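Next up, structure_15.csv (CSV, C-alpha atoms):
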```csv
chain,number,residue,atom,x,y,z
W,1,MET,CA,53.9,109.0,205.9
W,2,LEU,CA,55.4,108.8,209.3
W,3,TRP,CA,58.4,110.8,208.1
W,4,LYS,CA,56.1,113.5,206.7
W,5,LEU,CA,54.3,113.7,210.1
W,6,LEU,CA,57.6,114.1,211.9
W,7,LEU,CA,58.7,116.8,209.5
W,8,PHE,CA,55.3,118.5,210.0
W,9,VAL,CA,55.7,118.5,213.8
W,10,PHE,CA,59.3,119.7,213.6
W,11,GLN,CA,58.6,122.5,211.1
W,12,THR,CA,55.5,123.6,213.0
W,13,GLY,CA,57.7,123.7,216.1
W,14,CYS,CA,60.2,126.0,214.4
W,15,LEU,CA,57.3,128.3,213.2
W,16,TRP,CA,56.0,128.2,216.8
W,17,VAL,CA,59.4,129.3,218.1
W,18,ILE,CA,59.5,132.2,215.6
W,19,TYR,CA,55.9,133.1,216.8
W,20,TRP,CA,57.0,133.0,220.4
W,21,LEU,CA,60.1,135.2,219.6
W,22,GLY,CA,57.8,137.7,217.9
W,23,ASN,CA,55.6,137.8,221.0
W,24,GLN,CA,58.6,138.3,223.2
W,25,ILE,CA,60.0,141.1,221.1
W,26,SER,CA,56.7,142.9,221.0
W,27,ALA,CA,56.3,142.5,224.8
W,28,TYR,CA,59.9,143.4,225.6
W,29,PHE,CA,59.9,146.7,223.7
W,30,GLU,CA,56.3,147.4,224.6
W,31,LEU,CA,55.4,147.7,220.9
W,32,PRO,CA,51.7,148.0,220.0
W,33,ILE,CA,52.4,145.5,217.2
W,34,PRO,CA,50.8,142.0,217.6
W,35,GLY,CA,53.3,139.2,218.3
W,36,ASN,CA,52.1,137.3,215.2
W,37,VAL,CA,52.8,140.2,212.9
W,38,MET,CA,56.3,140.5,214.5
W,39,GLY,CA,56.8,136.8,214.0
W,40,MET,CA,55.8,137.1,210.3
W,41,VAL,CA,58.2,140.0,209.8
W,42,LEU,CA,60.9,138.0,211.6
W,43,LEU,CA,60.4,135.0,209.3
W,44,PHE,CA,60.4,137.3,206.2
W,45,GLY,CA,63.7,138.8,207.4
W,46,LEU,CA,65.2,135.3,208.0
W,47,LEU,CA,64.2,134.2,204.5
W,48,CYS,CA,65.6,137.4,202.9
W,49,SER,CA,68.9,136.9,204.8
W,50,GLY,CA,69.2,133.4,203.5
W,51,LEU,CA,69.6,131.9,207.0
W,52,VAL,CA,66.5,129.8,206.4
W,53,LYS,CA,64.9,128.6,203.1
W,54,VAL,CA,61.3,128.3,202.1
W,55,GLU,CA,61.9,124.5,201.7
W,56,HIS,CA,62.7,124.2,205.4
W,57,PHE,CA,59.0,125.0,206.2
W,58,ALA,CA,57.4,123.5,203.1
W,59,VAL,CA,55.4,120.7,204.8
W,60,ALA,CA,54.1,122.7,207.7
W,61,SER,CA,53.4,126.0,205.9
W,62,GLY,CA,51.7,124.2,203.0
W,63,PHE,CA,49.3,122.4,205.4
W,64,LEU,CA,48.7,125.3,207.8
W,65,LEU,CA,48.1,127.9,205.1
W,66,LYS,CA,45.8,125.6,203.1
W,67,HIS,CA,43.6,125.1,206.2
W,68,ILE,CA,44.1,128.5,207.9
W,69,SER,CA,40.4,129.2,207.5
W,70,PHE,CA,39.7,126.4,209.9
W,71,PHE,CA,41.1,128.4,212.9
W,72,PHE,CA,38.7,131.3,212.3
W,73,ILE,CA,35.6,129.1,212.9
W,74,PRO,CA,36.2,128.6,216.7
W,75,ILE,CA,37.0,132.3,217.0
W,76,ALA,CA,33.9,133.4,215.1
W,77,VAL,CA,31.6,131.1,217.2
W,78,GLY,CA,32.1,133.6,220.0
W,79,LEU,CA,29.7,135.7,217.9
W,80,MET,CA,26.7,133.8,219.5
W,81,ASN,CA,27.2,136.0,222.5
W,82,TRP,CA,26.7,139.1,220.4
W,83,ALA,CA,23.4,138.2,218.6
W,84,ALA,CA,21.6,141.1,220.4
W,85,LEU,CA,24.1,143.6,219.1
W,86,PHE,CA,23.6,142.5,215.5
W,87,TYR,CA,19.8,142.5,215.9
W,88,GLN,CA,19.7,146.0,217.4
W,89,HIS,CA,22.2,147.8,215.2
W,90,SER,CA,22.0,145.8,212.0
W,91,LEU,CA,21.5,149.0,209.9
W,92,TRP,CA,24.6,150.8,211.1
W,93,LEU,CA,26.8,147.8,211.1
W,94,THR,CA,25.8,146.8,207.6
W,95,LEU,CA,26.4,150.4,206.4
W,96,ALA,CA,29.8,150.4,208.2
W,97,ILE,CA,30.9,147.2,206.6
W,98,ILE,CA,29.6,147.7,203.1
W,99,VAL,CA,30.2,151.4,202.5
W,100,SER,CA,33.8,151.3,203.9
W,101,ALA,CA,34.6,148.2,201.8
W,102,ILE,CA,33.3,149.8,198.6
W,103,ALA,CA,35.1,153.1,199.3
W,104,ALA,CA,38.4,151.3,200.0
W,105,LEU,CA,38.1,149.0,197.0
W,106,TYR,CA,37.5,151.9,194.6
W,107,ALA,CA,40.2,154.1,196.1
W,108,VAL,CA,42.9,151.4,195.7
W,109,ALA,CA,41.6,150.3,192.3
W,110,PHE,CA,41.5,153.8,190.7
W,111,VAL,CA,44.9,154.8,192.0
W,112,VAL,CA,46.6,151.6,190.9
W,113,GLU,CA,44.8,151.5,187.6
W,114,ALA,CA,45.9,155.1,186.7
W,115,VAL,CA,49.5,154.6,187.8
W,116,SER,CA,49.9,151.1,186.2
W,117,ARG,CA,48.5,152.2,182.9
W,118,ARG,CA,50.9,155.2,182.8
W,119,LYS,CA,53.8,152.9,183.8
W,120,ASP,CA,52.9,150.4,181.1
W,121,GLN,CA,52.7,153.2,178.5
W,122,TRP,CA,56.1,154.5,179.7
W,123,ASN,CA,57.6,151.1,179.3
W,124,LYS,CA,56.1,150.6,175.9
W,125,SER,CA,57.4,153.9,174.5
W,126,ALA,CA,60.8,153.3,176.2
W,127,SER,CA,61.1,150.0,174.5
W,128,GLN,CA,60.1,151.4,171.1
W,129,SER,CA,62.5,154.3,171.0
S,1,MET,CA,27.6,115.9,230.2
S,2,GLU,CA,31.0,116.5,231.8
S,3,GLN,CA,33.3,119.1,230.3
S,4,ILE,CA,35.9,116.7,228.7
S,5,SER,CA,33.3,114.9,226.6
S,6,ILE,CA,31.7,118.3,225.6
S,7,THR,CA,35.2,119.5,224.6
S,8,ILE,CA,35.7,116.4,222.4
S,9,LEU,CA,32.3,116.8,220.9
S,10,THR,CA,32.8,120.5,220.1
S,11,ILE,CA,36.1,119.7,218.4
S,12,VAL,CA,34.6,116.9,216.3
S,13,ALA,CA,31.6,119.1,215.4
S,14,THR,CA,34.0,122.0,214.3
S,15,VAL,CA,36.2,119.7,212.2
S,16,LEU,CA,33.1,118.2,210.5
S,17,ALA,CA,31.5,121.7,209.9
S,18,TYR,CA,34.8,122.9,208.4
S,19,SER,CA,35.1,119.8,206.1
S,20,LEU,CA,31.5,120.1,204.9
S,21,SER,CA,31.9,123.9,204.2
S,22,ARG,CA,35.2,123.3,202.5
S,23,TYR,CA,33.7,120.6,200.3
S,24,LEU,CA,30.8,122.9,199.3
S,25,PHE,CA,33.1,125.8,198.6
S,26,LEU,CA,35.4,123.8,196.4
S,27,ARG,CA,32.5,122.2,194.6
S,28,TYR,CA,30.6,125.4,193.8
S,29,GLN,CA,33.4,128.0,193.9
S,30,HIS,CA,31.0,130.6,195.1
S,31,PRO,CA,32.0,133.2,197.8
S,32,LEU,CA,28.6,132.8,199.5
S,33,PHE,CA,29.7,129.2,200.4
S,34,ASN,CA,32.3,130.8,202.5
S,35,MET,CA,34.1,128.3,204.7
S,36,VAL,CA,34.2,130.4,207.8
S,37,LEU,CA,30.7,131.8,207.5
S,38,LEU,CA,29.0,128.5,206.8
S,39,GLY,CA,31.2,126.6,209.3
S,40,THR,CA,30.5,129.0,212.1
S,41,LEU,CA,26.8,129.0,211.5
S,42,LEU,CA,26.8,125.2,211.5
S,43,VAL,CA,28.7,125.0,214.8
S,44,ILE,CA,26.5,127.7,216.4
S,45,ALA,CA,23.4,125.7,215.2
S,46,VAL,CA,24.8,122.5,216.8
S,47,LEU,CA,25.5,124.3,220.1
S,48,LEU,CA,22.1,125.9,220.2
S,49,SER,CA,20.3,122.7,219.5
S,50,LEU,CA,22.2,120.9,222.3
S,51,ARG,CA,21.5,123.9,224.5
S,52,LEU,CA,25.2,124.5,225.2
S,53,PRO,CA,26.3,128.0,226.1
S,54,TYR,CA,29.4,129.5,224.5
S,55,GLU,CA,31.3,129.0,227.7
S,56,ALA,CA,31.1,125.2,227.1
S,57,TYR,CA,32.8,125.7,223.7
S,58,ALA,CA,35.7,127.9,225.0
S,59,PRO,CA,38.0,125.1,226.2
S,60,GLY,CA,37.8,123.3,222.8
S,61,LYS,CA,38.5,126.7,221.1
S,62,GLU,CA,41.8,127.0,223.0
S,63,ILE,CA,42.9,123.6,221.8
S,64,MET,CA,41.8,124.2,218.2
S,65,THR,CA,43.5,127.6,217.8
S,66,PHE,CA,46.8,126.4,219.2
S,67,LEU,CA,48.4,126.3,215.8
S,68,LEU,CA,47.0,129.6,214.6
S,69,GLY,CA,50.2,131.5,215.7
S,70,PRO,CA,52.6,129.4,213.6
S,71,ALA,CA,50.1,129.4,210.7
S,72,THR,CA,50.1,133.3,210.8
S,73,VAL,CA,53.8,133.4,210.9
S,74,ALA,CA,53.9,131.1,207.8
S,75,LEU,CA,52.1,134.0,205.9
S,76,ALA,CA,55.6,135.4,205.4
S,77,ILE,CA,56.3,132.6,202.9
S,78,PRO,CA,53.9,133.8,200.1
S,79,LEU,CA,55.2,137.3,200.8
S,80,TYR,CA,58.7,136.1,200.3
S,81,LYS,CA,57.9,134.2,197.1
S,82,ASN,CA,56.4,137.4,195.6
S,83,ARG,CA,59.3,139.7,196.7
S,84,GLY,CA,60.1,140.3,193.0
S,85,LEU,CA,56.9,142.3,192.6
S,86,ILE,CA,57.7,144.3,195.8
S,87,LYS,CA,61.0,145.4,194.2
S,88,GLN,CA,59.2,146.3,191.0
S,89,TYR,CA,56.1,148.1,192.4
S,90,GLY,CA,57.1,148.7,196.0
S,91,LEU,CA,55.9,152.3,196.3
S,92,LEU,CA,52.7,151.8,194.4
S,93,ILE,CA,51.8,148.7,196.5
S,94,CYS,CA,52.6,150.3,199.9
S,95,GLY,CA,51.0,153.6,199.0
S,96,SER,CA,47.7,152.2,197.6
S,97,VAL,CA,47.4,149.6,200.4
S,98,ALA,CA,48.0,152.2,203.1
S,99,LEU,CA,45.3,154.5,201.4
S,100,GLY,CA,42.8,151.7,201.2
S,101,SER,CA,43.4,150.4,204.7
S,102,THR,CA,43.0,153.9,206.2
S,103,ILE,CA,39.8,154.6,204.3
S,104,SER,CA,38.4,151.2,205.4
S,105,MET,CA,39.2,151.8,209.1
S,106,LEU,CA,38.0,155.5,209.2
S,107,MET,CA,34.7,154.9,207.4
S,108,ALA,CA,33.8,151.8,209.4
S,109,MET,CA,34.5,153.6,212.7
S,110,LEU,CA,32.7,156.7,211.5
S,111,PHE,CA,29.5,154.8,210.7
S,112,CYS,CA,29.6,153.0,214.1
S,113,LYS,CA,30.1,156.3,215.8
S,114,LEU,CA,27.1,157.8,213.9
S,115,GLY,CA,25.1,154.8,215.0
S,116,ARG,CA,26.2,155.4,218.6
S,117,LEU,CA,27.6,151.9,219.0
S,118,ASP,CA,29.6,150.8,222.0
S,119,PRO,CA,33.3,151.7,222.0
S,120,ALA,CA,34.2,148.0,222.1
S,121,VAL,CA,32.4,147.6,218.8
S,122,ILE,CA,34.1,150.6,217.2
S,123,ILE,CA,37.5,149.2,218.2
S,124,SER,CA,36.6,145.7,216.9
S,125,ILE,CA,35.4,146.9,213.5
S,126,ALA,CA,38.6,149.0,212.8
S,127,PRO,CA,40.8,146.1,211.5
S,128,LYS,CA,37.9,144.4,209.6
S,129,SER,CA,39.9,144.3,206.3
S,130,VAL,CA,42.8,142.5,207.8
S,131,THR,CA,43.3,138.8,207.8
S,132,ALA,CA,41.5,137.3,210.9
S,133,PRO,CA,44.4,136.2,213.2
S,134,ILE,CA,46.0,139.6,213.0
S,135,ALA,CA,42.7,141.5,213.2
S,136,VAL,CA,41.9,139.6,216.4
S,137,GLU,CA,45.2,140.7,217.9
S,138,ILE,CA,44.8,144.3,216.8
S,139,ALA,CA,41.4,144.5,218.3
S,140,GLN,CA,42.5,143.0,221.6
S,141,ILE,CA,45.5,145.3,221.9
S,142,SER,CA,43.1,148.3,221.8
S,143,GLY,CA,40.5,146.8,224.0
S,144,GLY,CA,38.1,145.3,221.5
S,145,ASP,CA,36.4,141.9,221.4
S,146,PRO,CA,38.2,139.1,219.5
S,147,SER,CA,35.1,137.2,218.3
S,148,LEU,CA,33.4,140.4,217.2
S,149,ALA,CA,36.5,141.4,215.3
S,150,ALA,CA,36.6,138.0,213.6
S,151,ALA,CA,32.9,138.4,212.7
S,152,PHE,CA,33.5,141.8,211.0
S,153,VAL,CA,36.5,140.3,209.2
S,154,VAL,CA,34.4,137.4,207.8
S,155,ALA,CA,31.5,139.7,206.9
S,156,THR,CA,33.9,142.1,205.0
S,157,GLY,CA,35.7,139.3,203.3
S,158,THR,CA,32.5,137.6,202.2
S,159,PHE,CA,31.0,140.9,200.9
S,160,GLY,CA,34.3,142.0,199.2
S,161,SER,CA,34.9,138.6,197.5
S,162,ALA,CA,31.3,138.1,196.5
S,163,LEU,CA,30.8,141.5,194.9
S,164,GLY,CA,34.3,143.0,194.6
S,165,PRO,CA,35.1,141.6,191.1
S,166,THR,CA,31.7,142.8,189.8
S,167,LEU,CA,32.1,146.3,191.4
S,168,LEU,CA,35.5,146.6,189.8
S,169,SER,CA,34.2,145.6,186.4
S,170,TRP,CA,31.4,148.1,186.6
S,171,VAL,CA,33.9,151.0,186.6
S,172,ARG,CA,36.1,149.2,184.0
S,173,ILE,CA,39.0,148.5,186.3
S,174,SER,CA,40.9,145.9,184.2
S,175,HIS,CA,44.6,146.2,185.1
S,176,PRO,CA,45.8,143.0,186.9
S,177,ASN,CA,47.6,145.1,189.5
S,178,ALA,CA,44.5,147.2,190.3
S,179,ARG,CA,42.2,144.2,190.6
S,180,GLY,CA,44.6,142.2,192.7
S,181,LEU,CA,45.6,145.0,195.1
S,182,ALA,CA,42.0,146.2,195.6
S,183,LEU,CA,40.7,142.7,196.4
S,184,GLY,CA,43.6,141.8,198.7
S,185,THR,CA,43.5,145.1,200.6
S,186,VAL,CA,39.7,145.0,201.2
S,187,ALA,CA,38.8,141.3,201.4
S,188,HIS,CA,42.1,139.7,202.8
S,189,ALA,CA,42.4,136.0,202.3
S,190,GLN,CA,38.9,135.7,200.7
S,191,GLY,CA,39.8,138.4,198.2
S,192,VAL,CA,43.1,136.6,197.5
S,193,ALA,CA,41.2,133.5,196.7
S,194,MET,CA,38.9,135.4,194.2
S,195,ALA,CA,41.9,137.2,192.6
S,196,LEU,CA,43.7,133.8,192.2
S,197,MET,CA,40.6,132.5,190.3
S,198,GLU,CA,41.0,135.5,187.9
S,199,GLY,CA,44.7,134.8,187.4
S,200,GLU,CA,48.1,134.1,188.9
S,201,ASP,CA,49.3,137.7,188.5
S,202,ARG,CA,46.3,139.2,190.3
S,203,GLY,CA,46.6,136.5,193.0
S,204,ALA,CA,50.2,137.4,193.7
S,205,MET,CA,49.3,141.1,194.0
S,206,ALA,CA,46.4,140.3,196.3
S,207,SER,CA,48.5,138.2,198.6
S,208,LEU,CA,51.1,141.0,198.9
S,209,ALA,CA,48.3,143.5,199.6
S,210,MET,CA,46.9,141.3,202.3
S,211,ALA,CA,50.2,141.0,204.1
S,212,ILE,CA,51.0,144.7,203.8
S,213,ALA,CA,47.5,145.7,204.9
S,214,ALA,CA,48.0,143.6,208.0
S,215,ILE,CA,51.3,145.2,208.9
S,216,PHE,CA,50.1,148.7,208.1
S,217,THR,CA,46.9,148.4,210.0
S,218,SER,CA,48.6,146.9,213.1
S,219,LEU,CA,50.9,150.0,213.2
S,220,VAL,CA,48.2,152.6,212.6
S,221,ALA,CA,45.0,151.2,214.2
S,222,PRO,CA,45.9,151.9,217.8
S,223,PHE,CA,46.3,155.7,217.0
S,224,LEU,CA,43.2,156.0,214.9
S,225,VAL,CA,41.1,154.1,217.4
S,226,ALA,CA,42.3,156.3,220.2
S,227,TYR,CA,41.1,159.3,218.2
S,228,PHE,CA,37.6,157.9,217.7
S,229,ILE,CA,36.6,156.7,221.2
```

As structure tokens - that is how I would like this structure written.
Amino acid sequence: MLWKLLLFVFQTGCLWVIYWLGNQISAYFELPIPGNVMGMVLLFGLLCSGLVKVEHFAVASGFLLKHISFFFIPIAVGLMNWAALFYQHSLWLTLAIIVSAIAALYAVAFVVEAVSRRKDQWNKSASQS
Amino acid sequence: MEQISITILTIVATVLAYSLSRYLFLRYQHPLFNMVLLGTLLVIAVLLSLRLPYEAYAPGKEIMTFLLGPATVALAIPLYKNRGLIKQYGLLICGSVALGSTISMLMAMLFCKLGRLDPAVIISIAPKSVTAPIAVEIAQISGGDPSLAAAFVVATGTFGSALGPTLLSWVRISHPNARGLALGTVAHAQGVAMALMEGEDRGAMASLAMAIAAIFTSLVAPFLVAYFI
């Protein structure tokens, strides 16, 4: 148990260093990319290069990703300062959220469905001949 | 009450609200028992009943979100585990996710513009289909409000995961790739959870879509936003 806790602290520290590096890179090159996205890309690159392995972060990433929703609660609580906005503009905000979500959902689904079916058929006929 | 005890109280309240919402979601597996939605409403209810303003909650928020940065970086791990799918379907995944993210951003901003909403609202709604930690950063970079951005993310995720699977079935979308990518692009982590319930293959596609939508949106949003305001 204590060992696992120590591992968690150490691995989280390593993830935190990558996050910090991501922020530094974004700031240094004045990129409009958020530091956390940069950190994510950095870790992906490190994993692909084989310099680090998934197992090196297993304890911390398992726990943090399982409970990542927790962190959004304190952020979303800030919403209480915006109650008037939602009350006044509920119609347009609801439309904006729902219509754009449906449009994007169908756009992705129809394109992928058509391409994937064609690809599957292609693979099938290729394996038959 | 002095600030330190208020801070401890708000942290305890948030952890309890999260635990209760998580228990309910896992028990009933229904998207309306969304952990963030329910947890947030519970915390706001506690603050209002104690007559505490948001400013009293802010110090606790700083402590609680301290680990969000490393957690977001860890999202690279599911992306890496599914890299085989990227090799196989790279162009299809990137193309469709880019299309979906662009449509989502443009239409959301268009409706807000039509409703004559504040520029800060237009900026904050643009990244609403992106996973919350990244959406918050994207909004902040362009001059939006983090909590507003988080609220739009949760609203989109709840709607997309609650009705997405049904909407897809209505028009007979049945290919695992199509269902997974659509849910992950539109409803981020909440969509991934629904896709995973349908099957492992859809879940993997959805988690790829979520990560790529986040990267794509962070690259494109600042330019699209500048065009709209």

Of the candidates W:Leu93, W:Val108, W:Leu2, W:Pro74, which shows the shortest atom-to-atom distance to S:Ala58, using all atoms listed in the file? W:Pro74

Could you list the residues in chain S lying within 7 Å of chain W, using all atoms listed in the file, and format the result as a PyMOL selection string? chain S and resi 18+35-36+39-40+44+54+61+64-65+68-77+80+96-97+99-101+103-104+107-108+111-112+115+132+134+137-138+147-148+150-151+156+160+173+175+177-179+181-183+186+215+218-219

The distance between atom CA of S:Ile4 and atom CA of S:Pro59 is 9.0 Å

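Relative to atom CA of S:Pro222, atom CA of S:Gly144 is found at 10.9 Å.
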
Could you name the residues that touch S:Phe228 at 10 Å or less, counting only C-alpha atoms, but leaving out those on the same chain fewer than 6 positions away, as a ChimeraX atom specification? /S:106,109-110,113,119,122-123

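For the pair atom CA of W:Ala83 and atom CA of S:Ser21, the separation is 22.0 Å.
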
List the neighbours of S:Met105 out to 8 Å using only C-alpha atoms; skip same-chain residues closer than 5 positions along the sequence, and give me the result as number ranges by chain. W: 100; S: 125-128, 221

Expected file: the selected residues, C-alpha atoms, as a PDB file, in the coordinates of the input:
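Generated file (selection.pdb):
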```pdb
ATOM      1  CA  SER W 100      33.800 151.300 203.900  1.00  0.00           C
TER       2      SER W 100
ATOM      3  CA  ILE S 125      35.400 146.900 213.500  1.00  0.00           C
ATOM      4  CA  ALA S 126      38.600 149.000 212.800  1.00  0.00           C
ATOM      5  CA  PRO S 127      40.800 146.100 211.500  1.00  0.00           C
ATOM      6  CA  LYS S 128      37.900 144.400 209.600  1.00  0.00           C
ATOM      7  CA  ALA S 221      45.000 151.200 214.200  1.00  0.00           C
TER       8      ALA S 221
END
```
